[in-house]
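Novice: There's a structure below that I have some questions on.
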Amino acid sequence: MRILALDVGTKRIGTAFADTASVKIAVPRQMIPVNGEEFAALAQQCRRDHIDVLVSGFPRNNQGEETAQTKLVQSFIIALSDYFVKHKLYSPLIKYQDESLTSVAAKERLSQQTSRALSFRDRRDGKIDVEAATIILQDFLDSVDYAALNQELGRHKLEQKARSLDAARTPSLSGPRESRHLASDRRHNATSISPTYQSERSK
């Protein structure tokens, strides 16, 4: 099972990867800037790495309550799912993982690794975001019920296959399939963003 984890922010998205067929260890990947092309970049990464499951951090406050950031993340994931559907791409199974204090933990871990305080460049380059995504994914790997997840993934893949067959039987009204080229994905990316995510991102 190939899993990609996201730490979603308003400026940057950290990513981490794991392949449970080998070892259940989260590996840092890359930072994706939130610049209007983030959905296309994530779609490309999911396609390249044959991602089965997409795990998003689920932010809460110290009391365990949902926050404005929680709504932003949920809106982002809905918009990303819509993007996969619109462009006729395989949509990974979506799961959430509590990310309380992961940013704090990420900063502490990076400071220990570098033996210095984190700089503005470290933040700008997304090192904290990527480390946070790695922590989110490792927490997920350590806590998930794999038997139940495999069953859920199996059902999800059947649903995706049925959707693809339905789409293949439905005549296209928009010409060539937009999923054929990532360049087309990028051109249409901005129109896929949900109103809530669009408004929060512009702040």
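The chains in the structure tokens are called A, B, ... from first to last as shown; in each chain the residues are counted from 1, and the ligands are counted from 1 in the order shown.
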Residues near Ile94 of chain A, anyone? I mean within 7 Å using only C-alpha atoms, not counting same-chain ones fewer than 6 positions away, as a list in words.
Specialist: Val53, Leu54 and Val55 of chain A
Novice: Residues at most 7 Å from Thr134 of chain A, counting only C-alpha atoms, excluding those fewer than 3 positions away in the same chain, as a VMD selection string?
Specialist: chain A and resid 16 26 to 28 130 to 131 137 to 138
Novice: Write out as CSV a residue-level contact list of segment 17-118 of chain A versus segment 149-161 of chain A with cut-off 8 Å: for each qualifying residue the closest pair of atoms and the distance in Å to one decimal, counting only C-alpha atoms, rows sorted by chain and residue number upward.
Specialist:
residue,atom,partner,partner_atom,distance
A:Asp52,CA,A:Leu153,CA,7.6
A:Val53,CA,A:Leu153,CA,7.8
A:Tyr90,CA,A:Gln160,CA,6.8
A:Ser91,CA,A:Gln160,CA,7.3
A:Leu93,CA,A:Leu153,CA,6.5
Novice: Could you pull out the helix (DSSP H, G or I) residues of segment 15-77 of chain A, going by DSSP on the backbone, and write them as a ChimeraX atom specification?
Specialist: /A:38-49,68-77
Novice: Could you save those same residues with C-alpha atoms as an mmCIF file, in the first residue's frame?
Specialist:
data_model
loop_
_atom_site.group_PDB
_atom_site.id
_atom_site.type_symbol
_atom_site.label_atom_id
_atom_site.label_comp_id
_atom_site.auth_asym_id
_atom_site.auth_seq_id
_atom_site.Cartn_x
_atom_site.Cartn_y
_atom_site.Cartn_z
ATOM 1 C CA GLU A 38 -0.925 22.788 -6.110
ATOM 2 C CA PHE A 39 -3.661 20.402 -7.257
ATOM 3 C CA ALA A 40 -1.843 19.638 -10.508
ATOM 4 C CA ALA A 41 1.400 19.084 -8.583
ATOM 5 C CA LEU A 42 -0.292 16.705 -6.143
ATOM 6 C CA ALA A 43 -2.030 14.864 -8.986
ATOM 7 C CA GLN A 44 1.326 14.429 -10.682
ATOM 8 C CA GLN A 45 2.900 13.112 -7.482
ATOM 9 C CA CYS A 46 0.024 10.694 -6.870
ATOM 10 C CA ARG A 47 0.228 9.454 -10.452
ATOM 11 C CA ARG A 48 4.008 9.071 -10.420
ATOM 12 C CA ASP A 49 4.110 7.229 -7.083
ATOM 13 C CA ALA A 68 -10.624 27.713 11.188
ATOM 14 C CA GLN A 69 -7.596 25.774 9.953
ATOM 15 C CA THR A 70 -9.635 22.568 10.231
ATOM 16 C CA LYS A 71 -12.239 24.015 7.856
ATOM 17 C CA LEU A 72 -9.495 25.137 5.471
ATOM 18 C CA VAL A 73 -8.026 21.620 5.356
ATOM 19 C CA GLN A 74 -11.446 20.028 4.829
ATOM 20 C CA SER A 75 -12.232 22.483 2.012
ATOM 21 C CA PHE A 76 -8.855 21.766 0.436
ATOM 22 C CA ILE A 77 -9.389 18.002 0.494
#
Novice: List as a list of chain:residue names the protein and nucleic acid residues near Ile25 of chain A, meaning an atom at most 8 Å away when only C-alpha atoms are counted, but skip any in the same chain fewer than 5 places from it.
Specialist: A:Ala18, A:Asp19, A:Thr20, A:Gln138, A:Leu141
Novice: Restricting it to C-alpha atoms, dump the selection as a PDB file, in the first residue's frame.
Specialist:
ATOM      1  CA  ALA A  18       5.441   5.373   2.757  1.00  0.00           C
ATOM      2  CA  ASP A  19       5.169   1.995   1.067  1.00  0.00           C
ATOM      3  CA  THR A  20       3.812  -0.494   3.585  1.00  0.00           C
ATOM      4  CA  GLN A 138       4.305   8.055  10.924  1.00  0.00           C
ATOM      5  CA  LEU A 141       1.280   4.165  10.204  1.00  0.00           C
TER       6      LEU A 141
END
Novice: Just want the 7 Å neighbourhood of Lys11 of chain A, counted on only C-alpha atoms, with same-chain residues fewer than 2 positions away dropped. Output as a list in words.
Specialist: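 My list of contacting residues is Gly9, Pro33 and Val34 of chain A.
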Novice: Could those selected residues go to a file with N, CA and C atoms, as a PDB file, in the first residue's frame?
Specialist:
ATOM      1  N   GLY A   9      -1.215  23.848   4.352  1.00  0.00           N
ATOM      2  CA  GLY A   9      -1.165  25.209   4.868  1.00  0.00           C
ATOM      3  C   GLY A   9      -1.652  26.181   3.821  1.00  0.00           C
ATOM      4  N   PRO A  33       4.348  24.465  -3.171  1.00  0.00           N
ATOM      5  CA  PRO A  33       3.839  25.809  -2.883  1.00  0.00           C
ATOM      6  C   PRO A  33       2.368  25.944  -3.257  1.00  0.00           C
ATOM      7  N   VAL A  34       1.648  26.719  -2.478  1.00  0.00           N
ATOM      8  CA  VAL A  34       0.248  27.026  -2.789  1.00  0.00           C
ATOM      9  C   VAL A  34       0.265  28.254  -3.692  1.00  0.00           C
TER      10      VAL A  34
END
Novice: As an exercise, work out the distance from atom CA of Leu80 of chain A to atom CA of Lys95 of chain A in Å and give it to one decimal place.
Specialist: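 Answer for the atom CA of Leu80 of chain A to atom CA of Lys95 of chain A separation: 13.1 Å.
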Novice: Which is closest to Ser22 of chain A among A:Arg2, A:Asp98, A:Glu65, A:Asn35, if we use only C-alpha atoms?
Specialist: A:Arg2
Novice: For Ser56 of chain A, please output as an mmCIF file with C-alpha atoms, in the first residue's frame all residues within 7 Å (counting only C-alpha atoms; exclusion window: fewer than 4 positions along the same chain).
Specialist:
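Output (around.cif):
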data_model
loop_
_atom_site.group_PDB
_atom_site.id
_atom_site.type_symbol
_atom_site.label_atom_id
_atom_site.label_comp_id
_atom_site.auth_asym_id
_atom_site.auth_seq_id
_atom_site.Cartn_x
_atom_site.Cartn_y
_atom_site.Cartn_z
ATOM 1 C CA ALA A 5 0.612 12.347 3.610
ATOM 2 C CA LEU A 6 -0.108 16.074 3.456
ATOM 3 C CA ASP A 7 0.446 18.907 5.892
ATOM 4 C CA LYS A 95 -8.002 9.473 5.401
ATOM 5 C CA TYR A 96 -7.426 12.016 8.163
ATOM 6 C CA GLN A 97 -4.866 11.879 10.951
#
